$ cat work.tsv   # TSV, C-alpha atoms and all ligand atoms
chain	number	residue	atom	x	y	z
A	91	MET	CA	39.87	-14.27	-23.12
A	92	ALA	CA	43.36	-12.80	-23.32
A	93	ILE	CA	43.49	-11.42	-26.79
A	94	ALA	CA	45.74	-8.59	-27.92
A	95	THR	CA	44.66	-5.32	-26.38
A	96	ASP	CA	46.44	-3.22	-29.01
A	97	ASP	CA	44.08	-4.59	-31.64
A	98	ILE	CA	41.31	-2.05	-32.20
A	99	LEU	CA	39.33	-4.60	-34.18
A	100	VAL	CA	38.49	-6.48	-30.97
A	101	PRO	CA	36.67	-3.60	-29.21
A	102	ARG	CA	35.10	-2.50	-32.50
A	103	SER	CA	33.83	-6.03	-33.12
A	104	LEU	CA	32.28	-6.16	-29.65
A	105	GLU	CA	30.68	-2.78	-30.32
A	106	VAL	CA	29.26	-3.89	-33.67
A	107	LEU	CA	27.77	-7.02	-32.11
A	108	LYS	CA	26.27	-5.18	-29.16
A	109	GLN	CA	24.90	-2.35	-31.30
A	110	GLY	CA	23.43	-4.94	-33.66
A	111	GLN	CA	21.56	-6.71	-30.87
A	112	ALA	CA	17.95	-5.57	-30.71
A	113	ALA	CA	16.15	-5.02	-27.40
A	114	SER	CA	14.50	-8.40	-28.07
A	115	GLY	CA	17.90	-10.14	-27.93
A	116	ALA	CA	17.98	-10.87	-31.68
A	117	PHE	CA	21.06	-9.99	-33.75
A	118	VAL	CA	20.47	-8.20	-37.03
A	119	ALA	CA	22.62	-9.75	-39.77
A	120	SER	CA	23.79	-6.31	-40.97
A	121	PRO	CA	22.38	-2.96	-39.86
A	122	ASN	CA	23.17	-1.13	-43.11
A	123	PHE	CA	22.06	-3.62	-45.73
A	124	PRO	CA	18.30	-3.64	-46.15
A	125	THR	CA	18.14	-7.26	-47.34
A	126	TYR	CA	19.84	-8.38	-44.13
A	127	ARG	CA	17.60	-6.56	-41.67
A	128	TYR	CA	16.52	-9.91	-40.24
A	129	ALA	CA	17.85	-12.22	-37.53
A	130	TRP	CA	19.21	-15.49	-38.84
A	131	LEU	CA	19.59	-18.31	-36.32
A	132	ARG	CA	22.86	-19.24	-38.05
A	133	ASP	CA	24.51	-15.83	-37.80
A	134	GLY	CA	23.09	-15.26	-34.33
A	135	ALA	CA	24.42	-18.54	-32.92
A	136	PHE	CA	27.97	-17.47	-33.76
A	137	CYS	CA	27.40	-13.89	-32.54
A	138	ALA	CA	26.20	-15.21	-29.18
A	139	HIS	CA	29.12	-17.63	-28.97
A	140	ALA	CA	31.63	-14.85	-29.71
A	141	LEU	CA	30.13	-12.63	-27.00
A	142	ASP	CA	30.19	-15.54	-24.54
A	143	LEU	CA	33.89	-16.05	-25.25
A	144	CYS	CA	34.51	-12.36	-24.56
A	145	GLY	CA	32.73	-12.51	-21.20
A	146	GLU	CA	29.59	-10.76	-22.50
A	147	THR	CA	27.42	-13.63	-21.35
A	148	GLU	CA	24.35	-11.49	-20.70
A	149	ALA	CA	24.19	-10.67	-24.39
A	150	GLY	CA	24.42	-14.39	-25.16
A	151	THR	CA	21.68	-15.11	-22.66
A	152	ALA	CA	19.45	-12.45	-24.21
A	153	PHE	CA	19.90	-14.04	-27.64
A	154	HIS	CA	19.12	-17.55	-26.43
A	155	ALA	CA	16.08	-16.31	-24.54
A	156	TRP	CA	14.87	-14.58	-27.72
A	157	VAL	CA	15.28	-17.78	-29.75
A	158	GLY	CA	13.41	-19.72	-27.07
A	159	ARG	CA	10.50	-17.27	-27.14
A	160	SER	CA	10.43	-17.15	-30.94
A	161	ILE	CA	10.40	-20.94	-31.17
A	162	GLU	CA	7.54	-21.18	-28.69
A	163	GLU	CA	5.58	-18.55	-30.62
A	164	HIS	CA	5.87	-20.77	-33.68
A	165	ARG	CA	5.41	-24.10	-31.91
A	166	PRO	CA	2.24	-25.01	-33.87
A	167	MET	CA	4.06	-24.47	-37.18
A	168	ILE	CA	7.06	-26.51	-36.05
A	169	GLU	CA	4.96	-29.35	-34.59
A	170	HIS	CA	2.86	-29.41	-37.75
A	171	ALA	CA	6.01	-29.72	-39.91
A	172	ILE	CA	7.37	-32.55	-37.75
A	173	ALA	CA	4.04	-34.41	-37.89
A	174	ARG	CA	3.72	-34.09	-41.65
A	175	ILE	CA	7.30	-35.22	-42.21
A	176	GLY	CA	6.50	-38.21	-39.99
A	177	ASP	CA	3.51	-38.97	-42.22
A	178	GLY	CA	5.75	-38.86	-45.29
A	179	ASP	CA	4.08	-35.68	-46.54
A	180	PRO	CA	6.39	-32.75	-45.68
A	181	PRO	CA	4.93	-29.25	-46.06
A	182	PRO	CA	6.22	-27.27	-49.03
A	183	PRO	CA	9.43	-25.32	-48.29
A	184	GLU	CA	7.63	-21.98	-47.95
A	185	GLU	CA	5.51	-23.41	-45.12
A	186	MET	CA	8.48	-24.68	-43.12
A	187	PRO	CA	9.92	-22.82	-40.12
A	188	PRO	CA	12.27	-20.11	-41.40
A	189	ALA	CA	16.00	-19.59	-41.40
A	190	ARG	CA	15.47	-15.97	-40.40
A	191	TYR	CA	12.95	-14.16	-38.26
A	192	THR	CA	12.21	-10.47	-37.83
A	193	LEU	CA	13.99	-8.88	-34.88
A	194	ASP	CA	10.76	-9.35	-32.94
A	195	GLY	CA	10.72	-13.07	-33.67
A	196	ALA	CA	7.93	-12.88	-36.26
A	197	LEU	CA	7.81	-14.42	-39.71
A	198	GLU	CA	8.58	-12.21	-42.66
A	199	GLN	CA	5.73	-10.18	-44.07
A	200	PRO	CA	4.02	-11.59	-47.17
A	201	ASP	CA	5.08	-8.52	-49.16
A	202	ASP	CA	8.78	-9.06	-48.36
A	203	GLU	CA	11.04	-10.34	-51.10
A	204	PRO	CA	10.55	-14.14	-51.22
A	205	TRP	CA	13.43	-15.81	-49.41
A	206	PRO	CA	14.73	-19.40	-49.59
A	207	ASN	CA	13.88	-19.83	-45.94
A	208	PHE	CA	13.85	-23.60	-45.68
A	209	GLN	CA	17.34	-23.95	-44.22
A	210	VAL	CA	17.70	-26.19	-41.19
A	211	ASP	CA	21.34	-25.76	-40.23
A	212	GLY	CA	20.57	-22.71	-38.08
A	213	TYR	CA	18.41	-24.79	-35.74
A	214	GLY	CA	21.28	-27.21	-35.16
A	215	MET	CA	23.72	-24.34	-34.75
A	216	TRP	CA	21.44	-22.75	-32.16
A	217	LEU	CA	21.39	-25.95	-30.07
A	218	TRP	CA	25.18	-26.12	-30.36
A	219	ALA	CA	25.62	-22.49	-29.25
A	220	LEU	CA	23.13	-22.97	-26.41
A	221	ALA	CA	25.05	-25.97	-25.08
A	222	GLU	CA	28.26	-23.93	-25.28
A	223	HIS	CA	26.64	-20.95	-23.55
A	224	ILE	CA	28.59	-20.01	-20.50
A	225	GLY	CA	26.38	-19.35	-17.54
A	226	GLY	CA	23.73	-22.02	-17.36
A	227	PRO	CA	21.89	-22.98	-20.55
A	228	ALA	CA	19.13	-24.75	-18.64
A	229	ALA	CA	17.89	-21.44	-17.30
A	230	VAL	CA	17.78	-19.85	-20.73
A	231	ALA	CA	15.63	-22.20	-22.78
A	232	SER	CA	13.14	-24.69	-21.40
A	233	ARG	CA	13.39	-28.45	-21.90
A	234	PRO	CA	10.27	-28.53	-24.09
A	235	THR	CA	11.78	-25.88	-26.38
A	236	ILE	CA	15.06	-27.76	-26.69
A	237	GLU	CA	13.18	-31.02	-27.32
A	238	LEU	CA	11.06	-29.38	-30.01
A	239	VAL	CA	14.08	-28.02	-31.86
A	240	ALA	CA	15.93	-31.33	-31.57
A	241	GLU	CA	12.86	-33.13	-32.97
A	242	TYR	CA	12.74	-30.64	-35.82
A	243	VAL	CA	16.44	-31.10	-36.61
A	244	ARG	CA	16.05	-34.90	-36.52
A	245	ALA	CA	12.98	-34.82	-38.74
A	246	THR	CA	14.40	-32.44	-41.35
A	247	ALA	CA	17.93	-33.84	-41.63
A	248	PRO	CA	16.97	-36.29	-44.40
A	249	LEU	CA	15.01	-33.70	-46.40
A	250	MET	CA	16.27	-31.59	-49.24
A	251	SER	CA	16.74	-27.97	-48.13
A	252	PHE	CA	18.62	-24.80	-48.95
A	253	SER	CA	22.25	-24.55	-47.85
A	254	CYS	CA	23.93	-22.22	-45.40
A	255	TRP	CA	24.57	-20.05	-48.47
A	256	GLU	CA	20.82	-20.04	-49.11
A	257	GLU	CA	21.20	-21.88	-52.38
A	258	PHE	CA	19.44	-25.12	-53.32
A	259	ASP	CA	22.31	-26.65	-55.29
A	260	GLY	CA	21.01	-30.19	-55.25
A	261	GLY	CA	19.35	-29.82	-51.85
A	262	GLU	CA	21.78	-31.99	-49.87
A	263	HIS	CA	24.59	-30.23	-48.04
A	264	ALA	CA	27.32	-31.68	-45.87
A	265	SER	CA	27.57	-28.60	-43.68
A	266	THR	CA	23.84	-28.75	-42.94
A	267	LEU	CA	24.23	-32.35	-41.76
A	268	GLY	CA	27.25	-31.29	-39.72
A	269	ALA	CA	25.14	-28.66	-37.97
A	270	ALA	CA	22.43	-31.27	-37.37
A	271	ILE	CA	24.94	-33.66	-35.79
A	272	ALA	CA	26.33	-30.92	-33.54
A	273	GLY	CA	22.82	-29.81	-32.62
A	274	LEU	CA	21.60	-33.29	-31.75
A	275	GLU	CA	24.69	-34.00	-29.68
A	276	ALA	CA	24.15	-30.68	-27.93
A	277	ALA	CA	20.55	-31.70	-27.20
A	278	ALA	CA	21.83	-34.93	-25.64
A	279	ARG	CA	23.99	-32.88	-23.28
A	280	LEU	CA	21.39	-30.22	-22.54
A	281	LEU	CA	18.65	-32.75	-21.87
A	282	ASP	CA	20.89	-35.50	-20.52
A	283	GLU	CA	19.14	-37.91	-22.87
A	284	PRO	CA	21.39	-40.37	-24.74
A	285	ARG	CA	18.74	-41.01	-27.39
A	286	TRP	CA	19.82	-37.80	-29.10
A	287	VAL	CA	23.31	-39.22	-29.46
A	288	ASN	CA	21.76	-42.10	-31.40
A	289	GLU	CA	19.92	-39.62	-33.60
A	290	ALA	CA	23.20	-37.75	-34.21
A	291	ASP	CA	24.85	-41.05	-35.11
A	292	ALA	CA	22.16	-41.74	-37.69
A	293	VAL	CA	22.84	-38.37	-39.36
A	294	ARG	CA	26.59	-39.02	-39.16
A	295	ALA	CA	26.12	-42.34	-40.93
A	296	ARG	CA	24.30	-40.51	-43.71
A	297	LEU	CA	27.04	-37.87	-43.93
A	298	LEU	CA	29.83	-40.45	-44.06
A	299	GLY	CA	27.93	-42.72	-46.43
A	300	ARG	CA	26.96	-40.13	-49.01
A	301	PHE	CA	29.31	-37.16	-48.78
A	302	VAL	CA	32.81	-38.67	-48.77
A	303	ARG	CA	34.67	-39.29	-52.00
A	304	GLU	CA	38.36	-39.88	-52.56
A	305	GLY	CA	38.99	-39.55	-48.86
A	306	ARG	CA	37.42	-36.15	-48.25
A	307	PHE	CA	34.04	-34.53	-47.76
A	308	MET	CA	32.17	-33.03	-50.70
A	309	ARG	CA	29.85	-30.04	-50.39
A	310	GLY	CA	26.88	-31.99	-51.76
A	311	ALA	CA	25.98	-35.64	-52.10
A	312	ALA	CA	26.30	-35.22	-55.86
A	313	ASP	CA	28.61	-32.20	-55.90
A	314	GLU	CA	32.29	-33.01	-55.49
A	315	ARG	CA	33.39	-29.45	-55.01
A	316	VAL	CA	34.94	-28.32	-51.79
A	317	ASP	CA	33.12	-25.63	-49.83
A	318	GLY	CA	34.34	-23.27	-47.14
A	319	SER	CA	31.49	-24.34	-44.89
A	320	LEU	CA	33.03	-27.83	-44.74
A	321	LEU	CA	35.56	-26.36	-42.30
A	322	TRP	CA	32.84	-26.41	-39.64
A	323	LEU	CA	32.57	-30.20	-39.85
A	324	GLY	CA	35.80	-30.18	-37.85
A	325	VAL	CA	35.69	-26.92	-35.90
A	326	PRO	CA	33.32	-26.41	-34.23
A	327	PHE	CA	30.99	-29.33	-35.04
A	328	ALA	CA	33.54	-32.13	-34.50
A	329	VAL	CA	31.57	-34.68	-36.49
A	330	LEU	CA	34.73	-36.82	-36.33
A	331	PRO	CA	37.92	-36.55	-34.29
A	332	LEU	CA	39.96	-33.67	-35.71
A	333	ASP	CA	42.82	-35.96	-36.73
A	334	ASP	CA	40.51	-38.11	-38.85
A	335	SER	CA	42.05	-38.30	-42.32
A	336	ARG	CA	38.75	-37.38	-44.02
A	337	LEU	CA	38.56	-34.12	-42.09
A	338	GLU	CA	42.23	-33.35	-42.58
A	339	ALA	CA	41.96	-33.98	-46.31
A	340	THR	CA	38.90	-31.71	-46.47
A	341	VAL	CA	40.71	-28.84	-44.76
A	342	GLU	CA	43.68	-29.40	-47.06
A	343	ALA	CA	41.32	-29.12	-50.04
A	344	VAL	CA	39.96	-25.84	-48.64
A	345	ARG	CA	43.51	-24.54	-48.26
A	346	HIS	CA	44.35	-25.62	-51.79
A	347	HIS	CA	41.21	-24.63	-53.72
A	348	LEU	CA	39.58	-21.84	-51.72
A	349	TYR	CA	42.23	-20.10	-49.63
A	350	ARG	CA	44.14	-17.37	-51.40
A	351	PRO	CA	47.44	-17.25	-49.48
A	352	GLY	CA	47.83	-13.75	-48.13
A	353	GLY	CA	44.11	-13.31	-48.66
A	354	GLY	CA	40.81	-14.81	-47.61
A	355	VAL	CA	38.68	-17.86	-48.32
A	356	TYR	CA	36.15	-18.25	-51.12
A	357	ARG	CA	32.82	-19.98	-50.44
A	358	TYR	CA	33.21	-22.39	-53.36
A	359	CYS	CA	34.51	-22.43	-56.91
A	360	GLY	CA	31.90	-21.01	-59.21
A	361	ASP	CA	30.34	-18.63	-56.65
A	362	THR	CA	28.96	-15.53	-58.36
A	363	TYR	CA	27.27	-13.70	-55.45
A	364	TYR	CA	28.77	-10.20	-55.60
A	365	GLY	CA	31.27	-11.73	-58.00
A	366	GLY	CA	32.22	-14.55	-55.64
A	367	GLY	CA	34.86	-12.86	-53.49
A	368	GLU	CA	36.77	-13.83	-50.37
A	369	TRP	CA	34.69	-14.17	-47.20
A	370	ILE	CA	35.90	-12.76	-43.91
A	371	LEU	CA	33.97	-15.26	-41.81
A	372	LEU	CA	35.44	-18.19	-43.73
A	373	ALA	CA	38.97	-16.83	-43.44
A	374	CYS	CA	38.34	-16.67	-39.68
A	375	SER	CA	36.85	-20.17	-39.74
A	376	LEU	CA	40.09	-21.44	-41.27
A	377	GLY	CA	42.06	-19.42	-38.72
A	378	TRP	CA	39.93	-20.90	-35.93
A	379	TYR	CA	40.66	-24.42	-37.18
A	380	GLU	CA	44.39	-23.70	-37.48
A	381	ALA	CA	44.46	-22.25	-33.96
A	382	VAL	CA	42.65	-25.26	-32.50
A	383	ARG	CA	45.07	-27.61	-34.27
A	384	GLY	CA	48.05	-25.64	-32.93
A	385	ASN	CA	49.11	-24.45	-36.40
A	386	ASP	CA	49.99	-21.04	-35.02
A	387	ASP	CA	52.09	-20.01	-38.04
A	388	ALA	CA	49.03	-20.36	-40.25
A	389	VAL	CA	46.92	-17.99	-38.13
A	390	GLY	CA	49.12	-14.90	-38.50
A	391	PRO	CA	48.63	-14.26	-42.24
A	392	ILE	CA	44.88	-14.83	-41.92
A	393	ARG	CA	44.63	-12.41	-39.00
A	394	ASP	CA	46.71	-9.81	-40.88
A	395	TRP	CA	44.49	-10.07	-43.93
A	396	VAL	CA	41.26	-9.79	-41.96
A	397	ARG	CA	42.53	-6.76	-40.05
A	398	SER	CA	43.60	-5.11	-43.31
A	399	GLN	CA	40.05	-5.47	-44.66
A	400	ALA	CA	38.46	-3.43	-41.89
A	401	HIS	CA	37.08	-0.09	-43.03
A	402	THR	CA	38.49	3.02	-41.34
A	403	ASN	CA	35.83	2.79	-38.61
A	404	GLY	CA	36.75	-0.84	-38.02
A	405	ASP	CA	33.74	-2.37	-39.76
A	406	LEU	CA	34.20	-5.71	-41.50
A	407	PRO	CA	32.32	-6.54	-44.69
A	408	GLU	CA	30.74	-9.85	-45.60
A	409	GLN	CA	33.14	-10.41	-48.46
A	410	VAL	CA	36.01	-8.66	-50.20
A	411	SER	CA	35.84	-8.00	-53.93
A	412	ASP	CA	39.52	-7.46	-54.84
A	413	HIS	CA	39.98	-10.91	-56.38
A	414	VAL	CA	36.51	-12.03	-57.37
A	415	GLN	CA	35.83	-15.13	-59.43
A	416	ALA	CA	33.22	-13.51	-61.67
A	417	PRO	CA	34.02	-9.78	-62.07
A	418	GLU	CA	31.03	-9.23	-64.32
A	419	MET	CA	28.73	-10.24	-61.45
A	420	VAL	CA	29.73	-7.49	-59.01
A	421	ALA	CA	27.81	-4.61	-60.59
A	422	PRO	CA	24.50	-6.48	-61.00
A	423	TRP	CA	24.42	-7.34	-57.29
A	424	VAL	CA	25.41	-3.82	-56.26
A	425	ALA	CA	22.61	-2.50	-58.48
A	426	GLN	CA	20.14	-4.95	-56.94
A	427	TRP	CA	20.93	-4.78	-53.22
A	428	GLY	CA	23.61	-2.06	-52.74
A	429	ALA	CA	27.27	-2.33	-51.72
A	430	VAL	CA	28.49	-5.52	-49.98
A	431	ALA	CA	26.92	-5.82	-46.50
A	432	THR	CA	29.08	-3.88	-44.02
A	433	PRO	CA	29.36	-4.34	-41.15
A	434	LEU	CA	28.31	-7.98	-41.16
A	435	LEU	CA	27.89	-9.10	-37.57
A	436	TRP	CA	28.86	-12.68	-38.37
A	437	SER	CA	32.23	-11.48	-39.81
A	438	HIS	CA	32.98	-9.70	-36.53
A	439	ALA	CA	31.82	-12.71	-34.50
A	440	MET	CA	34.12	-15.08	-36.35
A	441	TYR	CA	37.02	-12.68	-35.94
A	442	LEU	CA	36.52	-12.67	-32.16
A	443	ILE	CA	36.17	-16.45	-32.08
A	444	MET	CA	39.39	-16.90	-34.08
A	445	GLU	CA	41.26	-14.51	-31.81
A	446	SER	CA	39.93	-16.27	-28.75
A	447	ALA	CA	41.09	-19.66	-30.05
A	448	ALA	CA	44.48	-18.21	-31.00
A	449	SER	CA	44.99	-16.79	-27.54
A	450	GLU	CA	44.54	-20.13	-25.75
A	501	LIG	C1	24.72	-15.86	-46.47
A	501	LIG	C2	24.15	-16.57	-45.25
A	501	LIG	C3	23.94	-15.58	-44.12
A	501	LIG	C4	23.13	-14.38	-44.59
A	501	LIG	C5	23.04	-13.30	-43.53
A	501	LIG	C6	23.83	-14.71	-46.83
A	501	LIG	O1	24.35	-14.06	-47.94
A	501	LIG	O2	24.80	-16.76	-47.56
A	501	LIG	O3	25.05	-17.57	-44.84
A	501	LIG	O4	23.27	-16.23	-43.07
A	501	LIG	O5	23.75	-13.82	-45.72
A	501	LIG	O6	24.29	-12.88	-43.11
$ encode --input "work.tsv" --output "structure tokens" --more "lines below"
Ligand code: BGC
Amino acid sequence: MAIATDDILVPRSLEVLKQGQAASGAFVASPNFPTYRYAWLRDGAFCAHALDLCGETEAGTAFHAWVGRSIEEHRPMIEHAIARIGDGDPPPPEEMPPARYTLDGALEQPDDEPWPNFQVDGYGMWLWALAEHIGGPAAVASRPTIELVAEYVRATAPLMSFSCWEEFDGGEHASTLGAAIAGLEAAARLLDEPRWVNEADAVRARLLGRFVREGRFMRGAADERVDGSLLWLGVPFAVLPLDDSRLEATVEAVRHHLYRPGGGVYRYCGDTYYGGGEWILLACSLGWYEAVRGNDDAVGPIRDWVRSQAHTNGDLPEQVSDHVQAPEMVAPWVAQWGAVATPLLWSHAMYLIMESAASE
């Protein structure tokens, strides 16, 4: 990718991603934030994609190989979940395959803080990133592994689960369905089996039937609010053509309600996590969308803001607390888990992805 060489945030971002990749191939979410010492499939999929775009395809391969091994190690659990869902008796959330694994691909220890691990978007995102992987996805994960994950995504798409923000919030989330659609379409390409396109279409019908109101997507089937994660329905998940009016209206709602011009992007109105500040990775998601749509003028201010948020060593935080929605909620989170996670690998990944899109 031909991105600006005078930008020190590019090499620093590559360094953060590579230093945060364990020998196993897993990416730690944040090396300095104890609660994030795990490897999320969601964060990792974007880290691998960013490294691919920067020509670091071996790092991407190592990640995908780690996911493949971790999935196979938990095959009985995943097959059991699929079978029970098929019987109309899904396992309880805490017995479902997790959103995050240890860096060795194990489940969390029973004495770890309980985590809302039943999130399925990461499995779809992994299939998407695998299909995008430059350098021969077929060699990285076996057909049976890809089939198993696609079956799991298909089976869980209709279930209530936690969101990409790890919150239940009604249990039905448009961005999770978007990830499922992208993942199932990726499986169709990886396996060369059109039946997965049909499965993606079934999820799309559910998304369009239940999550669109007044011409735009809502974050939940019964939650009209806009959410930064809805950006991914367009870029990269392309659940509809990018000029579809429902997608365009959704992005416009993000710009209007969640983007602070000259600043970043909030997750959603009413967010209180660390006060509910502006998220770097969402600002970059908006910048990515704008770049793909050719709205070059819109990318510059986002890029400038993201760069200005880097700490002196170039590290990017998860979120920025200068203009939080709930100031009284900053201190309680800092007391509970420490300062905002920095560096957050996913923030750096999204920065690289945005810059790559902007340079095309
Ligand atoms: C975010 C998730 C993310 C995790 C690890 C959470 O606070 O809500 O989207 O996967 O952190 O970075």
$ residues_near_ligand --input "work.tsv" --ligand "ligand LIG 501 (chain A)" --cutoff "10 Å" --atoms "only C-alpha atoms and all ligand atoms" --output "PyMOL selection string"
chain A and resi 118-120+123+125-134+189-190+209+212+253-257+319+357+363-364+371+408-409+430-431+434-437
$ atom_distance --input "work.tsv" --atom1 "atom CA of A:Pro121" --atom2 "atom CA of A:Leu141"
17.9 Å
$ atom_distance --input "work.tsv" --atom1 "atom CA of A:Trp427" --atom2 "atom CA of A:Tyr213"
26.7 Å
$ closest_residue --input "work.tsv" --among "A:Asp387, A:Glu450, A:Asp334, A:Asp317" --to "A:Val355" --atoms "only C-alpha atoms"
A:Asp317
$ closest_residue --input "work.tsv" --among "A:Phe117, A:Phe136, A:Trp218, A:Phe153" --to "A:Gly268" --atoms "all atoms listed in the file"
A:Trp218
$ closest_residue --input "work.tsv" --among "A:Glu342, A:Glu148, A:Glu275, A:Glu162" --to "A:Leu376" --atoms "all atoms listed in the file"
A:Glu342
$ atom_distance --input "work.tsv" --atom1 "atom CA of A:Tyr191" --atom2 "atom CA of A:Ala135"
13.4 Å
$ build_atoms --input "work.tsv" --residues "stretch 440-447 of chain A" --atoms "all heavy atoms" --output "mmCIF file, in the coordinates of the input"
data_model
loop_
_atom_site.group_PDB
_atom_site.id
_atom_site.type_symbol
_atom_site.label_atom_id
_atom_site.label_comp_id
_atom_site.auth_asym_id
_atom_site.auth_seq_id
_atom_site.Cartn_x
_atom_site.Cartn_y
_atom_site.Cartn_z
ATOM 1 N N MET A 440 33.113 -14.068 -36.033
ATOM 2 C CA MET A 440 34.120 -15.080 -36.350
ATOM 3 C C MET A 440 35.528 -14.556 -36.084
ATOM 4 O O MET A 440 36.422 -15.324 -35.716
ATOM 5 C CB MET A 440 33.979 -15.540 -37.804
ATOM 6 C CG MET A 440 32.753 -16.379 -38.067
ATOM 7 S SD MET A 440 32.559 -17.774 -36.925
ATOM 8 C CE MET A 440 32.363 -19.141 -38.036
ATOM 9 N N TYR A 441 35.710 -13.247 -36.265
ATOM 10 C CA TYR A 441 37.020 -12.680 -35.940
ATOM 11 C C TYR A 441 37.297 -12.849 -34.443
ATOM 12 O O TYR A 441 38.388 -13.305 -34.050
ATOM 13 C CB TYR A 441 37.070 -11.200 -36.339
ATOM 14 C CG TYR A 441 38.373 -10.558 -35.924
ATOM 15 C CD1 TYR A 441 39.564 -10.909 -36.555
ATOM 16 C CD2 TYR A 441 38.427 -9.656 -34.869
ATOM 17 C CE1 TYR A 441 40.775 -10.364 -36.151
ATOM 18 C CE2 TYR A 441 39.632 -9.102 -34.462
ATOM 19 C CZ TYR A 441 40.804 -9.467 -35.105
ATOM 20 O OH TYR A 441 42.005 -8.935 -34.691
ATOM 21 N N LEU A 442 36.328 -12.530 -33.613
ATOM 22 C CA LEU A 442 36.520 -12.670 -32.160
ATOM 23 C C LEU A 442 36.749 -14.128 -31.771
ATOM 24 O O LEU A 442 37.588 -14.434 -30.910
ATOM 25 C CB LEU A 442 35.295 -12.115 -31.417
ATOM 26 C CG LEU A 442 35.096 -10.597 -31.486
ATOM 27 C CD1 LEU A 442 33.759 -10.211 -30.863
ATOM 28 C CD2 LEU A 442 36.255 -9.864 -30.780
ATOM 29 N N ILE A 443 36.025 -15.022 -32.412
ATOM 30 C CA ILE A 443 36.170 -16.450 -32.080
ATOM 31 C C ILE A 443 37.578 -16.934 -32.470
ATOM 32 O O ILE A 443 38.238 -17.643 -31.713
ATOM 33 C CB ILE A 443 35.071 -17.278 -32.792
ATOM 34 C CG1 ILE A 443 33.687 -16.932 -32.205
ATOM 35 C CG2 ILE A 443 35.354 -18.764 -32.657
ATOM 36 C CD1 ILE A 443 32.506 -17.521 -32.994
ATOM 37 N N MET A 444 38.031 -16.511 -33.655
ATOM 38 C CA MET A 444 39.390 -16.900 -34.080
ATOM 39 C C MET A 444 40.416 -16.362 -33.092
ATOM 40 O O MET A 444 41.335 -17.081 -32.672
ATOM 41 C CB MET A 444 39.671 -16.369 -35.482
ATOM 42 C CG MET A 444 41.112 -16.616 -35.934
ATOM 43 S SD MET A 444 41.485 -15.917 -37.552
ATOM 44 C CE MET A 444 41.580 -14.153 -37.172
ATOM 45 N N GLU A 445 40.273 -15.106 -32.731
ATOM 46 C CA GLU A 445 41.260 -14.510 -31.810
ATOM 47 C C GLU A 445 41.216 -15.195 -30.451
ATOM 48 O O GLU A 445 42.255 -15.376 -29.798
ATOM 49 C CB GLU A 445 41.013 -13.008 -31.666
ATOM 50 C CG GLU A 445 41.365 -12.205 -32.901
ATOM 51 C CD GLU A 445 42.866 -12.225 -33.217
ATOM 52 O OE1 GLU A 445 43.599 -13.118 -32.765
ATOM 53 O OE2 GLU A 445 43.314 -11.341 -33.963
ATOM 54 N N SER A 446 40.039 -15.564 -30.028
ATOM 55 C CA SER A 446 39.930 -16.270 -28.750
ATOM 56 C C SER A 446 40.654 -17.616 -28.813
ATOM 57 O O SER A 446 41.419 -17.972 -27.916
ATOM 58 C CB SER A 446 38.444 -16.475 -28.412
ATOM 59 O OG SER A 446 38.319 -17.307 -27.292
ATOM 60 N N ALA A 447 40.429 -18.348 -29.903
ATOM 61 C CA ALA A 447 41.090 -19.660 -30.050
ATOM 62 C C ALA A 447 42.602 -19.487 -30.132
ATOM 63 O O ALA A 447 43.363 -20.283 -29.575
ATOM 64 C CB ALA A 447 40.557 -20.370 -31.298
#
